[in-house]
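Data first, discussion second: the structure below is written as structure tokens.
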Amino acid sequence: MTTVQHSLKIYNTLSGKKEAFNPITPGYVGMYVCGPTVYSDVHLGNCRTFCSFDMIYRYLLHLGYKVRYVRNITDVGHLTDDGVDRMAKGARVAQLEPMEVAQRYTVGFHDMMGILNTLPPSIEPRATGHIPEQIEMVQEILNNGLAYERNGSVYFDVPKFAAKQPGVYGSVSGRILDDLYAETRELKSQEEKNHPADFAIWMKARPQDIMVWNSPWSVGFPGWHLECSAMSTKYLGKTFDIHGGGNDLKFPHHENEVAQNHGACGCHPANYWLHTNMLLLNGKKMSKSDGNTITPTELFTGTSEHTSKAYSPMAVRFFMLMAHYRSTLDITDEALMAAEKGFLKMMETNRLLQAISVNAKDFDGSETETDRAILALVQDAYDGMNDDFNTAIAIASLNEIGSYVHKLTNKQMDAAEVSPWVIERIKTVFQAFLFDIFGLKDESTSGADSQTVEGLMRLILDIRGQARAQKDFATSDKIRDALTEVGITVKDGKEGVTWSK
RNA sequence: GGUUUCCUGGCCGAGCGGUUAGGCACAGGUCUGCAAAACCUGCUACAGCGGUUCGAAUCCGCUGGAAACCUCCA
């Protein structure tokens with residue numbers, strides 16, 4: 001297994017610093033990302049997180065790593081504020097079987113991930129498919145004396161764990177133990193717990209709970225955070241390389257996950273913890289519960305009150321890539337429009353670039369000043385990615401390279417200034433960055449009827465060319481105007497006429 | 001209330017002590033039958049006030065504003 005030589009640095013939530021990335025087994029990476037809870041349609045915030053990790057996954061692959069990417073589907077176990085299992089609650093409303101609800105939204109989730117062109121994870125385990133593993137883990141934690149049973153439920157003993165392994169609890173969310181203890185003092189419904197900071201790892205079912213399983217302690221269901229501990233351990237081992245998720249999962253989800261893993265095996269689950277930042281709408285976090293949200297579908301169809309028009313999935317993906325994954329990103333119509341334009345231009349640039357034909361025989365190994373400038377920009381792009389996946393830097397560098405591409409194709413600079421081998425290099429780099437790493441698609445050339453359109457356009461532009469040759473501008477402008485109306489731009493360049501949508 | 005983060009030009013958004021980020025918008029120019037596109041040029045900002053430093057958007061303090069977490073949430 002050989003990897004591309006690199007100096008990848010990753011911001012680790014545990015240390016609060018960027019660290020050199022060194023996987024446990026050279027050449028291999030184990031990565032676990034907290035997946036969606038499938039009780040309603042995915043919202044855009046989820047999409048940003050999964051797009052971010054998709055980019056991270058893709059870049060690791062690009063560097064030559066063999067990556068096992070595990071992303072779970074949560075179809076059980078999270079409680080709502082009224083104490084009813086979320087899946088069960090959804091089911092009751094829709095009069096459906098809980099698993100039917102889960103299935104429907106799982107399919108919807110996969111569809112959306114496909115639309116956004118994310119790669120499927122290597123393994124996508126479901127919480128309901130791993131009940132025995134979770135029960136086993138509860139037992140291990142009990143055996144290690146870090147949990148206690150109370151009326152059929154099992155609770156993790158936070159103070160005991162904190163005393164046994166100082167400095168661990170609170171390390172993910174950056175919290176001070178005393179603060180955590182103080183904060184939880186106000187919560188209600190804690191009668192069974194020894195301490196308010198304790199959390200359930202097995203819950204005894206009440207009559208209204210529908211999704212329940214047998215266990216040594218009661219008929220019930222696993223605790224809120226247990227699935228990720230159990231499934232990451234099962235598929236990636238007790239300690240693996242990267243654990244990711246949204247910023248809002250740091251506490252309590254990830255904090256408790258770490259505690260559970262320690263409680264079961266005495267070791268830390270992941271070396272690098274990555275957290276993506278929130279997508280903002282109207283300057284506030286998008287959230288299903290308070291209605292400050294825009295669905296991906298609304299965005300793609302332009303039916304949201306928050307946008308003036310429809311934005312394509314790839315324009316949205318590009319919009320996300322223009323910001324760093326650890327920064328909040330505010331959705332505004334203006335920003336989306338800017339991103340869309342930037343995306344379309346980038347795609348056009350790449351089409352022009354790939355169409356440049358160079359003669360490999362021209363390669364004489366020499367290097368012009370422009371060559372060096374372009375190669376430095378390529379290096380900038382990689383340096384950006386290696387610096388905690390800074391896609392904004394990479395895009396900026398590609399934009400600058402793109403300007404050379406346009407100058408070349410428009411004869412605005414001497415073709416001799418760029419060596420053929422450098423052209424070949426940036427052809428490869430553009431393909432790699434745009435499609436392999438950023439996960440973009442050229443939407444203008446996709447579609448089954450693109451060949452038909454191509455043929456028609458050739459005919460139309462040919463007729464227009466004849467009109468122009470005869471200085472019949474009335475006809476040529478009529479054709480151009482008509483095409484403009486259906487969204488096709490005609491460009492009369494020095495090298496002939498081109499068009500784009 | 002506690003903890004943490006953020007505040008960059010018209011807008012979005014990089015930046016992690018010294019160098020033009022980049023995109024979009026806008027203005028002027030080149031090219032063009034006219035456009036469009038592209039290219040060139042311009043717009044040169046870092047919430048405010050102090051401090052550290054030869055030098056700060058970048059480090060420290062205070063003030064102001066916003067957000068996140070503390071409760072299910074990517």
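By order in the structure tokens, chains are A, B, ...; within a chain, residues start at 1; ligands start at 1, following the order shown.
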
Enumerate as a VMD selection string the residues belonging to chain A that approach chain B to within 6 Å, with only C-alpha atoms (C1' of nucleotides) taken into account.
chain A and resid 45 to 46 49 80 246 335 338 396 491

In range 194-296 of chain A, DSSP helix (DSSP H, G or I) residues written as a PDB file with N, CA, C and O atoms, in the first residue's frame:
```
ATOM      1  N   LEU A 226     -25.330   4.596  22.812  1.00  0.00           N
ATOM      2  CA  LEU A 226     -24.627   3.310  22.827  1.00  0.00           C
ATOM      3  C   LEU A 226     -24.348   2.741  21.441  1.00  0.00           C
ATOM      4  O   LEU A 226     -23.332   2.101  21.209  1.00  0.00           O
ATOM      5  N   GLU A 227     -25.264   2.973  20.524  1.00  0.00           N
ATOM      6  CA  GLU A 227     -25.143   2.346  19.202  1.00  0.00           C
ATOM      7  C   GLU A 227     -23.809   2.665  18.536  1.00  0.00           C
ATOM      8  O   GLU A 227     -23.182   1.792  17.953  1.00  0.00           O
ATOM      9  N   CYS A 228     -23.415   3.941  18.622  1.00  0.00           N
ATOM     10  CA  CYS A 228     -22.177   4.331  17.952  1.00  0.00           C
ATOM     11  C   CYS A 228     -20.967   3.650  18.587  1.00  0.00           C
ATOM     12  O   CYS A 228     -20.048   3.233  17.889  1.00  0.00           O
ATOM     13  N   SER A 229     -20.983   3.549  19.919  1.00  0.00           N
ATOM     14  CA  SER A 229     -19.880   2.866  20.598  1.00  0.00           C
ATOM     15  C   SER A 229     -19.806   1.415  20.144  1.00  0.00           C
ATOM     16  O   SER A 229     -18.734   0.891  19.817  1.00  0.00           O
ATOM     17  N   ALA A 230     -20.962   0.764  20.127  1.00  0.00           N
ATOM     18  CA  ALA A 230     -20.993  -0.659  19.800  1.00  0.00           C
ATOM     19  C   ALA A 230     -20.612  -0.916  18.339  1.00  0.00           C
ATOM     20  O   ALA A 230     -19.825  -1.808  18.035  1.00  0.00           O
ATOM     21  N   MET A 231     -21.162  -0.107  17.453  1.00  0.00           N
ATOM     22  CA  MET A 231     -20.941  -0.371  16.030  1.00  0.00           C
ATOM     23  C   MET A 231     -19.556   0.055  15.559  1.00  0.00           C
ATOM     24  O   MET A 231     -18.965  -0.592  14.710  1.00  0.00           O
ATOM     25  N   SER A 232     -19.049   1.144  16.114  1.00  0.00           N
ATOM     26  CA  SER A 232     -17.692   1.548  15.722  1.00  0.00           C
ATOM     27  C   SER A 232     -16.697   0.498  16.194  1.00  0.00           C
ATOM     28  O   SER A 232     -15.757   0.146  15.480  1.00  0.00           O
ATOM     29  N   THR A 233     -16.925  -0.029  17.397  1.00  0.00           N
ATOM     30  CA  THR A 233     -16.038  -1.070  17.922  1.00  0.00           C
ATOM     31  C   THR A 233     -16.108  -2.317  17.048  1.00  0.00           C
ATOM     32  O   THR A 233     -15.088  -2.913  16.702  1.00  0.00           O
ATOM     33  N   LYS A 234     -17.336  -2.667  16.664  1.00  0.00           N
ATOM     34  CA  LYS A 234     -17.510  -3.890  15.881  1.00  0.00           C
ATOM     35  C   LYS A 234     -16.802  -3.820  14.534  1.00  0.00           C
ATOM     36  O   LYS A 234     -16.176  -4.771  14.104  1.00  0.00           O
ATOM     37  N   TYR A 235     -16.922  -2.678  13.863  1.00  0.00           N
ATOM     38  CA  TYR A 235     -16.405  -2.629  12.495  1.00  0.00           C
ATOM     39  C   TYR A 235     -15.031  -1.985  12.354  1.00  0.00           C
ATOM     40  O   TYR A 235     -14.376  -2.137  11.333  1.00  0.00           O
ATOM     41  N   LEU A 236     -14.622  -1.217  13.353  1.00  0.00           N
ATOM     42  CA  LEU A 236     -13.336  -0.529  13.212  1.00  0.00           C
ATOM     43  C   LEU A 236     -12.339  -0.899  14.311  1.00  0.00           C
ATOM     44  O   LEU A 236     -11.176  -0.524  14.241  1.00  0.00           O
ATOM     45  N   ASN A 247     -20.905  19.382  15.011  1.00  0.00           N
ATOM     46  CA  ASN A 247     -20.508  20.131  16.191  1.00  0.00           C
ATOM     47  C   ASN A 247     -21.441  19.927  17.392  1.00  0.00           C
ATOM     48  O   ASN A 247     -21.013  19.862  18.540  1.00  0.00           O
ATOM     49  N   ASP A 248     -22.721  19.863  17.092  1.00  0.00           N
ATOM     50  CA  ASP A 248     -23.708  19.770  18.173  1.00  0.00           C
ATOM     51  C   ASP A 248     -23.754  18.385  18.807  1.00  0.00           C
ATOM     52  O   ASP A 248     -24.491  18.174  19.762  1.00  0.00           O
ATOM     53  N   LEU A 249     -22.964  17.460  18.284  1.00  0.00           N
ATOM     54  CA  LEU A 249     -22.943  16.128  18.893  1.00  0.00           C
ATOM     55  C   LEU A 249     -21.851  15.985  19.936  1.00  0.00           C
ATOM     56  O   LEU A 249     -21.783  14.969  20.634  1.00  0.00           O
ATOM     57  N   LYS A 250     -21.014  17.019  20.042  1.00  0.00           N
ATOM     58  CA  LYS A 250     -19.909  16.926  21.009  1.00  0.00           C
ATOM     59  C   LYS A 250     -20.432  16.557  22.385  1.00  0.00           C
ATOM     60  O   LYS A 250     -19.903  15.668  23.051  1.00  0.00           O
ATOM     61  N   PHE A 251     -21.432  17.288  22.794  1.00  0.00           N
ATOM     62  CA  PHE A 251     -22.032  16.993  24.090  1.00  0.00           C
ATOM     63  C   PHE A 251     -23.547  16.915  23.947  1.00  0.00           C
ATOM     64  O   PHE A 251     -24.142  17.783  23.297  1.00  0.00           O
ATOM     65  N   PRO A 252     -24.143  15.901  24.504  1.00  0.00           N
ATOM     66  CA  PRO A 252     -23.515  14.829  25.283  1.00  0.00           C
ATOM     67  C   PRO A 252     -23.108  13.612  24.465  1.00  0.00           C
ATOM     68  O   PRO A 252     -22.401  12.741  24.982  1.00  0.00           O
ATOM     69  N   HIS A 253     -23.522  13.564  23.205  1.00  0.00           N
ATOM     70  CA  HIS A 253     -23.382  12.319  22.455  1.00  0.00           C
ATOM     71  C   HIS A 253     -21.948  11.770  22.438  1.00  0.00           C
ATOM     72  O   HIS A 253     -21.697  10.643  22.841  1.00  0.00           O
ATOM     73  N   HIS A 254     -21.020  12.571  21.935  1.00  0.00           N
ATOM     74  CA  HIS A 254     -19.651  12.055  21.809  1.00  0.00           C
ATOM     75  C   HIS A 254     -18.961  11.889  23.153  1.00  0.00           C
ATOM     76  O   HIS A 254     -18.156  10.976  23.344  1.00  0.00           O
ATOM     77  N   GLU A 255     -19.275  12.781  24.048  1.00  0.00           N
ATOM     78  CA  GLU A 255     -18.701  12.677  25.388  1.00  0.00           C
ATOM     79  C   GLU A 255     -19.083  11.335  26.016  1.00  0.00           C
ATOM     80  O   GLU A 255     -18.248  10.622  26.586  1.00  0.00           O
ATOM     81  N   ASN A 256     -20.342  10.990  25.881  1.00  0.00           N
ATOM     82  CA  ASN A 256     -20.819   9.749  26.475  1.00  0.00           C
ATOM     83  C   ASN A 256     -20.323   8.521  25.706  1.00  0.00           C
ATOM     84  O   ASN A 256     -20.100   7.463  26.284  1.00  0.00           O
ATOM     85  N   GLU A 257     -20.168   8.720  24.417  1.00  0.00           N
ATOM     86  CA  GLU A 257     -19.646   7.628  23.607  1.00  0.00           C
ATOM     87  C   GLU A 257     -18.238   7.246  24.073  1.00  0.00           C
ATOM     88  O   GLU A 257     -17.926   6.064  24.239  1.00  0.00           O
ATOM     89  N   VAL A 258     -17.427   8.271  24.268  1.00  0.00           N
ATOM     90  CA  VAL A 258     -16.061   8.019  24.736  1.00  0.00           C
ATOM     91  C   VAL A 258     -16.096   7.318  26.091  1.00  0.00           C
ATOM     92  O   VAL A 258     -15.373   6.342  26.324  1.00  0.00           O
ATOM     93  N   ALA A 259     -16.960   7.794  26.950  1.00  0.00           N
ATOM     94  CA  ALA A 259     -17.063   7.205  28.289  1.00  0.00           C
ATOM     95  C   ALA A 259     -17.450   5.728  28.198  1.00  0.00           C
ATOM     96  O   ALA A 259     -16.884   4.882  28.895  1.00  0.00           O
ATOM     97  N   GLN A 260     -18.397   5.444  27.317  1.00  0.00           N
ATOM     98  CA  GLN A 260     -18.846   4.058  27.173  1.00  0.00           C
ATOM     99  C   GLN A 260     -17.728   3.163  26.655  1.00  0.00           C
ATOM    100  O   GLN A 260     -17.558   2.036  27.109  1.00  0.00           O
ATOM    101  N   ASN A 261     -16.990   3.654  25.678  1.00  0.00           N
ATOM    102  CA  ASN A 261     -15.894   2.853  25.146  1.00  0.00           C
ATOM    103  C   ASN A 261     -14.840   2.594  26.215  1.00  0.00           C
ATOM    104  O   ASN A 261     -14.359   1.472  26.355  1.00  0.00           O
ATOM    105  N   HIS A 262     -14.528   3.633  26.950  1.00  0.00           N
ATOM    106  CA  HIS A 262     -13.597   3.446  28.063  1.00  0.00           C
ATOM    107  C   HIS A 262     -14.168   2.451  29.062  1.00  0.00           C
ATOM    108  O   HIS A 262     -13.464   1.584  29.560  1.00  0.00           O
ATOM    109  N   GLY A 263     -15.451   2.632  29.318  1.00  0.00           N
ATOM    110  CA  GLY A 263     -16.101   1.772  30.302  1.00  0.00           C
ATOM    111  C   GLY A 263     -16.087   0.313  29.893  1.00  0.00           C
ATOM    112  O   GLY A 263     -15.975  -0.579  30.732  1.00  0.00           O
ATOM    113  N   ALA A 264     -16.188   0.067  28.596  1.00  0.00           N
ATOM    114  CA  ALA A 264     -16.240  -1.311  28.130  1.00  0.00           C
ATOM    115  C   ALA A 264     -14.861  -1.920  27.935  1.00  0.00           C
ATOM    116  O   ALA A 264     -14.614  -3.053  28.328  1.00  0.00           O
ATOM    117  N   CYS A 265     -13.959  -1.159  27.326  1.00  0.00           N
ATOM    118  CA  CYS A 265     -12.658  -1.764  26.997  1.00  0.00           C
ATOM    119  C   CYS A 265     -11.479  -1.039  27.633  1.00  0.00           C
ATOM    120  O   CYS A 265     -10.345  -1.467  27.481  1.00  0.00           O
ATOM    121  N   PRO A 296     -33.554  20.426   1.349  1.00  0.00           N
ATOM    122  CA  PRO A 296     -32.772  20.343   0.113  1.00  0.00           C
ATOM    123  C   PRO A 296     -33.674  20.447  -1.109  1.00  0.00           C
ATOM    124  O   PRO A 296     -33.345  21.149  -2.068  1.00  0.00           O
TER     125      PRO A 296
END
```

Give me the residues near range 384-395 of chain A as number ranges by chain, where near means some atom within 8 Å (using only C-alpha atoms (C1' of nucleotides)) and where sequence neighbours in that chain fewer than 5 positions away do not count.
A: 6-11, 18, 56, 321-325; B: 13-14, 21-22

Residues near C7 in chain B, anyone? I mean within 12 Å using only C-alpha atoms (C1' of nucleotides), not counting same-chain ones fewer than 4 positions away, as a VMD selection string.
chain B and resid 46 to 48 57 64 to 67

Residues within 12 Å of Asn399 in chain A, please, as a ChimeraX atom specification. Count only C-alpha atoms (C1' of nucleotides); anything in the same chain fewer than 3 positions from it doesn't count.
/A:322,342-350,374,377-378,380-381,392-396,402-406,426,430,433-434 /B:21-23

Test item, strand (DSSP E or B) assignment across range 43-269 of chain A, answer as an NGL selection string
:A and (66-71 or 73-74 or 79 or 85 or 123 or 126 or 147-150 or 153-156 or 199-204 or 213 or 220-222 or 240-246)

Separation of CA of Thr295 in chain A and CA of Leu44 in chain A, in Å?
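Straight-line distance from CA of Thr295 in chain A to CA of Leu44 in chain A works out to 5.8 Å.
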
Nearest to U8 in chain B, restricted to only C-alpha atoms (C1' of nucleotides) and choosing among B:U58, B:U63, B:U30, B:U20, comes out as B:U58

Coordinates-based distance that separates CA of Met112 in chain A from CA of Met211 in chain A (Å, one decimal):
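CA of Met112 in chain A lies 26.5 Å from CA of Met211 in chain A.
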
Please list as a count of residues only every residue within 12 Å of Gly496 in chain A, counting only C-alpha atoms (C1' of nucleotides) and excluding residues in the same chain fewer than 5 positions away.
9

Could you work out how far CA of Val316 in chain A lies from CA of Lys427 in chain A, giving the answer in Å with one decimal?
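Going from CA of Lys427 in chain A over to CA of Val316 in chain A, I get 24.1 Å.
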
Just want the 9 Å neighbourhood of range 148-152 of chain A, counted on only C-alpha atoms (C1' of nucleotides), with same-chain residues fewer than 5 positions away dropped. Output as a PyMOL selection string.
chain A and resi 141-142+157+192-194+202-205+216-220
